[in-house]
Amino acid sequence: MSTDNADNNDSEIVVLDDGVPTAARVYDVMLDGKDNYAIDRQVAEASLAVMPELKEIALHNRAILHRVVRYLATEEGITQFLDLGSGLPTVRNTHEVAQEANPEARVVYVDIDPIVLATGRAILQDNENTTVVTADIRKPREVLDHPQVRAMIDFEKPVCVMLCGILHHILDEEDPQGIVTALREAVPSGSFFFITNFTRLGDSPESEELERVLLSQLGTGRVRTAEELARFFDGLELLSPGLVPLPLWRPDEIVTDATTVGVRFMTGGVARKP
Ligand code: SAM
């Protein structure tokens with residue numbers, strides 16, 4: 001997979017490799033999207049064989065993203081969103097939710113997978129306040145210093161840093177904690193962090209089995225304990241209700257059964273930088 005130009009300008013040609021699965025496209029399968037290849041569907045099928053609730057879980061992940069962005073844009077006055085590992089455009093993207101609350105809200109989508117740029121550029125061409133960048137969050141300084149990020153985000157003003165469904169694609173040896181720390185240090189007081197992640201379920205074997213399938217077939221997919229996830233929020237003030245199963249974060253509808261794997265496999269939270 002390659003791109004011929006790192007500046008993301010209109011002349012860029014994006015070459016996609018259909019022989020290697022990617023997290024963006026496997027997630028697209030889970031959301032019943034159309035931007036995926038047979039190799040991605042194979043990984044999705046192997047994952048669903050272990051945890052059939054994964055499609056439901058992907059929808060919970062999208063739903064909390066909508067609730068968090070709506071809350072921050074309407075209640076906390078956040079006007080800048082740095083959506084890291086944004087994934088392929090799908091139903092109700094971050095900029096749609098944020099700009100519904102505030103048409104001036106600015107959104108930068110960052111993803112390592114050039115397919116996100118290829119598809120995102122088309123839907124964003126008439127939106128002055130939104131851009132898509134191809135970059136790797138394992139090099140946070142490069143993301144923060146990227147000219148398109150600097151052009152859209154004012155790092156003197158509060159930012160919402162979104163790490164929704166991405167940190168499980170960062171292996172322990174790639175230092176996810178260091179990435180979060182670098183991002184935390186780059187944004188001012190009053191900024192927010194929104195993080196969701198696969199969570200180890202102590203009482204059921206599926207979470208470990210899924211990690212094994214994803215690590216072997218996709219190369220990423222680290223399922224973390226609640227304690228490991230809590231450390232990502234070090235130095236930040238968690239908003240109520242804390243780090244919780246996704247459907248339980250300020251739900252729009254009552255959750256009737258919070259004991260299922262579908263509800264509990266991903267947890268998330270929102271925190272403010274003091
Ligand atoms: N944030 C979206 C959501 O929660 O609905 C999409 C999440 S998708 C599961 C994870 C995304 O992270 C994929 O699009 C993948 O390409 C991206 N990703 C994985 N590793 C990355 C990295 N090192 N830098 C930037 N993006 C990355």
# chains A, B, ... in the order shown; residues from 1 in each chain; ligands from 1
$ residues_near_ligand --ligand "ligand 1" --cutoff "7 Å" --atoms "only C-alpha atoms and all ligand atoms" --output "list in words"
Thr22, Ala23, Ala24, Tyr27, Asn61, Arg62, Leu65, Asp83, Leu84, Gly85, Ser86, Gly87, Leu88, Val110, Asp111, Ile112, Asp113, Ala135, Asp136, Ile137, Arg138, Leu163, Cys164, Gly165, Ile166, His169 and Ile170 of chain A
$ residues_around --residues "Ala58 (chain A)" --least-positions-apart "4" --cutoff "9 Å" --atoms "only C-alpha atoms" --output "number ranges by chain"
A: 27, 30-31, 53-54, 62-63
$ closest_residue --among "A:Ala151, A:Pro140, A:Thr119, A:Gly221" --to "Leu171 (chain A)" --atoms "only C-alpha atoms"
A:Gly221
$ select_by_dssp --residues "region 106-245 of chain A" --states "helix (DSSP H, G or I)" --output "PyMOL selection string"
chain A and resi 114-124+140-145+147-152+167-169+172-174+176-186+206-217+226-231
$ write_last_selection --atoms "C-alpha atoms" --output "mmCIF file, in the first residue's frame"
data_model
loop_
_atom_site.group_PDB
_atom_site.id
_atom_site.type_symbol
_atom_site.label_atom_id
_atom_site.label_comp_id
_atom_site.auth_asym_id
_atom_site.auth_seq_id
_atom_site.Cartn_x
_atom_site.Cartn_y
_atom_site.Cartn_z
ATOM 1 C CA PRO A 114 -4.686 5.850 2.880
ATOM 2 C CA ILE A 115 -8.130 4.454 2.004
ATOM 3 C CA VAL A 116 -9.509 6.907 4.593
ATOM 4 C CA LEU A 117 -8.006 9.829 2.702
ATOM 5 C CA ALA A 118 -9.189 8.434 -0.647
ATOM 6 C CA THR A 119 -12.797 8.111 0.497
ATOM 7 C CA GLY A 120 -12.872 11.056 2.917
ATOM 8 C CA ARG A 121 -11.541 13.606 0.451
ATOM 9 C CA ALA A 122 -14.529 13.083 -1.833
ATOM 10 C CA ILE A 123 -17.161 13.679 0.852
ATOM 11 C CA LEU A 124 -15.325 16.638 2.395
ATOM 12 C CA PRO A 140 2.622 11.809 17.700
ATOM 13 C CA ARG A 141 5.006 14.701 17.027
ATOM 14 C CA GLU A 142 4.577 14.215 13.275
ATOM 15 C CA VAL A 143 0.803 14.245 13.682
ATOM 16 C CA LEU A 144 0.876 17.369 15.848
ATOM 17 C CA ASP A 145 3.280 19.191 13.517
ATOM 18 C CA PRO A 147 0.861 21.326 8.278
ATOM 19 C CA GLN A 148 -2.805 20.454 7.727
ATOM 20 C CA VAL A 149 -3.304 19.761 11.431
ATOM 21 C CA ARG A 150 -1.626 23.094 12.307
ATOM 22 C CA ALA A 151 -3.746 24.904 9.714
ATOM 23 C CA MET A 152 -6.994 23.643 11.211
ATOM 24 C CA LEU A 167 -5.389 2.268 20.984
ATOM 25 C CA HIS A 168 -6.056 -1.478 20.750
ATOM 26 C CA HIS A 169 -4.282 -1.249 17.379
ATOM 27 C CA ASP A 172 2.463 -2.514 24.076
ATOM 28 C CA GLU A 173 5.954 -2.277 22.583
ATOM 29 C CA GLU A 174 4.764 0.708 20.514
ATOM 30 C CA PRO A 176 0.480 3.646 23.682
ATOM 31 C CA GLN A 177 0.936 5.337 27.067
ATOM 32 C CA GLY A 178 3.750 7.480 25.635
ATOM 33 C CA ILE A 179 1.507 8.461 22.707
ATOM 34 C CA VAL A 180 -1.285 9.578 25.045
ATOM 35 C CA THR A 181 1.222 11.467 27.209
ATOM 36 C CA ALA A 182 2.663 13.314 24.184
ATOM 37 C CA LEU A 183 -0.837 14.304 23.081
ATOM 38 C CA ARG A 184 -1.800 15.377 26.602
ATOM 39 C CA GLU A 185 1.250 17.627 26.829
ATOM 40 C CA ALA A 186 0.488 19.215 23.434
ATOM 41 C CA GLU A 206 -13.875 -14.764 24.227
ATOM 42 C CA SER A 207 -11.855 -11.605 24.776
ATOM 43 C CA GLU A 208 -8.543 -13.497 24.948
ATOM 44 C CA GLU A 209 -9.510 -15.692 21.993
ATOM 45 C CA LEU A 210 -10.396 -12.619 19.923
ATOM 46 C CA GLU A 211 -7.065 -11.018 20.781
ATOM 47 C CA ARG A 212 -5.314 -14.173 19.554
ATOM 48 C CA VAL A 213 -7.251 -14.139 16.237
ATOM 49 C CA LEU A 214 -6.672 -10.422 15.632
ATOM 50 C CA LEU A 215 -2.987 -10.430 16.534
ATOM 51 C CA SER A 216 -2.344 -13.409 14.239
ATOM 52 C CA GLN A 217 -4.526 -12.316 11.289
ATOM 53 C CA ALA A 226 -9.621 -2.089 32.992
ATOM 54 C CA GLU A 227 -6.527 -1.122 35.011
ATOM 55 C CA GLU A 228 -4.410 -0.726 31.857
ATOM 56 C CA LEU A 229 -7.125 1.440 30.286
ATOM 57 C CA ALA A 230 -7.464 3.595 33.395
ATOM 58 C CA ARG A 231 -3.765 4.500 33.083
#
$ select_by_dssp --residues "region 85-185 of chain A" --states "strand (DSSP E or B)" --output "list of chain:residue names"
A:Arg106, A:Val107, A:Val108, A:Tyr109, A:Val110, A:Asp111, A:Thr130, A:Thr131, A:Val132, A:Val133, A:Thr134, A:Cys160, A:Val161, A:Met162, A:Leu163, A:Cys164
$ residues_around --residues "Lys55 (chain A)" --least-positions-apart "5" --cutoff "12 Å" --atoms "only C-alpha atoms" --output "JSON, numbers by chain"
{"A": [26, 27, 28, 29, 30, 31, 32, 33, 44, 45, 47, 48, 49, 60, 61, 62, 261, 262, 263, 265]}
$ write_last_selection --atoms "C-alpha atoms" --output "mmCIF file, in the first residue's frame"
data_model
loop_
_atom_site.group_PDB
_atom_site.id
_atom_site.type_symbol
_atom_site.label_atom_id
_atom_site.label_comp_id
_atom_site.auth_asym_id
_atom_site.auth_seq_id
_atom_site.Cartn_x
_atom_site.Cartn_y
_atom_site.Cartn_z
ATOM 1 C CA VAL A 26 -12.242 -4.876 8.854
ATOM 2 C CA TYR A 27 -14.153 -2.316 10.958
ATOM 3 C CA ASP A 28 -15.985 -1.280 7.783
ATOM 4 C CA VAL A 29 -17.142 -4.913 7.426
ATOM 5 C CA MET A 30 -18.456 -4.814 11.001
ATOM 6 C CA LEU A 31 -20.448 -1.678 10.156
ATOM 7 C CA ASP A 32 -21.827 -3.308 6.973
ATOM 8 C CA GLY A 33 -19.855 -0.833 4.828
ATOM 9 C CA ALA A 44 -14.071 -10.193 10.193
ATOM 10 C CA GLU A 45 -15.592 -13.672 9.820
ATOM 11 C CA SER A 47 -13.460 -12.573 14.620
ATOM 12 C CA LEU A 48 -17.239 -12.942 14.505
ATOM 13 C CA ALA A 49 -16.850 -16.716 14.918
ATOM 14 C CA HIS A 60 -22.077 0.872 20.381
ATOM 15 C CA ASN A 61 -18.691 2.417 19.546
ATOM 16 C CA ARG A 62 -20.219 4.665 16.894
ATOM 17 C CA VAL A 261 -20.414 -9.435 26.201
ATOM 18 C CA GLY A 262 -21.869 -7.068 23.590
ATOM 19 C CA VAL A 263 -22.256 -4.344 26.202
ATOM 20 C CA PHE A 265 -16.350 -5.817 25.638
#
$ atom_distance --atom1 "CA of Arg264 (chain A)" --atom2 "CA of Leu82 (chain A)"
26.1 Å
$ closest_residue --among "A:Val91, A:Leu218, A:Ile78, A:Ala98" --to "Gly190 (chain A)" --atoms "only C-alpha atoms"
A:Ile78
$ closest_residue --among "A:Val50, A:Asp18, A:Asn127, A:His95" --to "Ser204 (chain A)" --atoms "only C-alpha atoms"
A:Val50
$ closest_residue --among "A:Glu56, A:Asp17, A:Asp234, A:Asp252" --to "Arg70 (chain A)" --atoms "only C-alpha atoms"
A:Asp252
$ residues_around --residues "Arg272 (chain A)" --least-positions-apart "2" --cutoff "9 Å" --atoms "only C-alpha atoms" --output "PyMOL selection string"
chain A and resi 189-193+236-239+270+274
$ write_last_selection --atoms "N, CA and C atoms" --output "PDB file, in the first residue's frame"
ATOM      1  N   SER A 189      -4.920  23.293  28.902  1.00  0.00           N
ATOM      2  CA  SER A 189      -5.901  23.034  29.955  1.00  0.00           C
ATOM      3  C   SER A 189      -7.304  23.296  29.400  1.00  0.00           C
ATOM      4  N   GLY A 190      -8.269  22.440  29.814  1.00  0.00           N
ATOM      5  CA  GLY A 190      -9.631  22.595  29.296  1.00  0.00           C
ATOM      6  C   GLY A 190      -9.880  21.736  28.065  1.00  0.00           C
ATOM      7  N   SER A 191      -8.820  21.059  27.591  1.00  0.00           N
ATOM      8  CA  SER A 191      -8.988  20.119  26.479  1.00  0.00           C
ATOM      9  C   SER A 191      -9.584  18.809  27.018  1.00  0.00           C
ATOM     10  N   PHE A 192     -10.123  18.014  26.101  1.00  0.00           N
ATOM     11  CA  PHE A 192     -10.737  16.744  26.501  1.00  0.00           C
ATOM     12  C   PHE A 192     -10.091  15.584  25.762  1.00  0.00           C
ATOM     13  N   PHE A 193     -10.086  14.423  26.420  1.00  0.00           N
ATOM     14  CA  PHE A 193      -9.663  13.170  25.794  1.00  0.00           C
ATOM     15  C   PHE A 193     -10.841  12.212  25.814  1.00  0.00           C
ATOM     16  N   LEU A 236      -5.491  13.323  34.018  1.00  0.00           N
ATOM     17  CA  LEU A 236      -6.727  13.920  33.500  1.00  0.00           C
ATOM     18  C   LEU A 236      -7.847  13.708  34.516  1.00  0.00           C
ATOM     19  N   GLU A 237      -8.911  14.488  34.398  1.00  0.00           N
ATOM     20  CA  GLU A 237     -10.071  14.349  35.291  1.00  0.00           C
ATOM     21  C   GLU A 237     -11.206  13.674  34.532  1.00  0.00           C
ATOM     22  N   LEU A 238     -11.491  12.431  34.927  1.00  0.00           N
ATOM     23  CA  LEU A 238     -12.557  11.683  34.240  1.00  0.00           C
ATOM     24  C   LEU A 238     -13.919  12.305  34.534  1.00  0.00           C
ATOM     25  N   LEU A 239     -14.690  12.514  33.498  1.00  0.00           N
ATOM     26  CA  LEU A 239     -16.064  12.999  33.692  1.00  0.00           C
ATOM     27  C   LEU A 239     -16.940  11.837  34.132  1.00  0.00           C
ATOM     28  N   VAL A 270     -14.458   9.856  28.990  1.00  0.00           N
ATOM     29  CA  VAL A 270     -14.097  11.213  28.560  1.00  0.00           C
ATOM     30  C   VAL A 270     -13.466  11.901  29.758  1.00  0.00           C
ATOM     31  N   PRO A 274      -6.818  19.188  33.345  1.00  0.00           N
ATOM     32  CA  PRO A 274      -7.008  20.284  34.318  1.00  0.00           C
ATOM     33  C   PRO A 274      -6.137  21.490  33.992  1.00  0.00           C
TER      34      PRO A 274
END
$ atom_distance --atom1 "CA of Glu96 (chain A)" --atom2 "CA of Tyr71 (chain A)"
13.5 Å
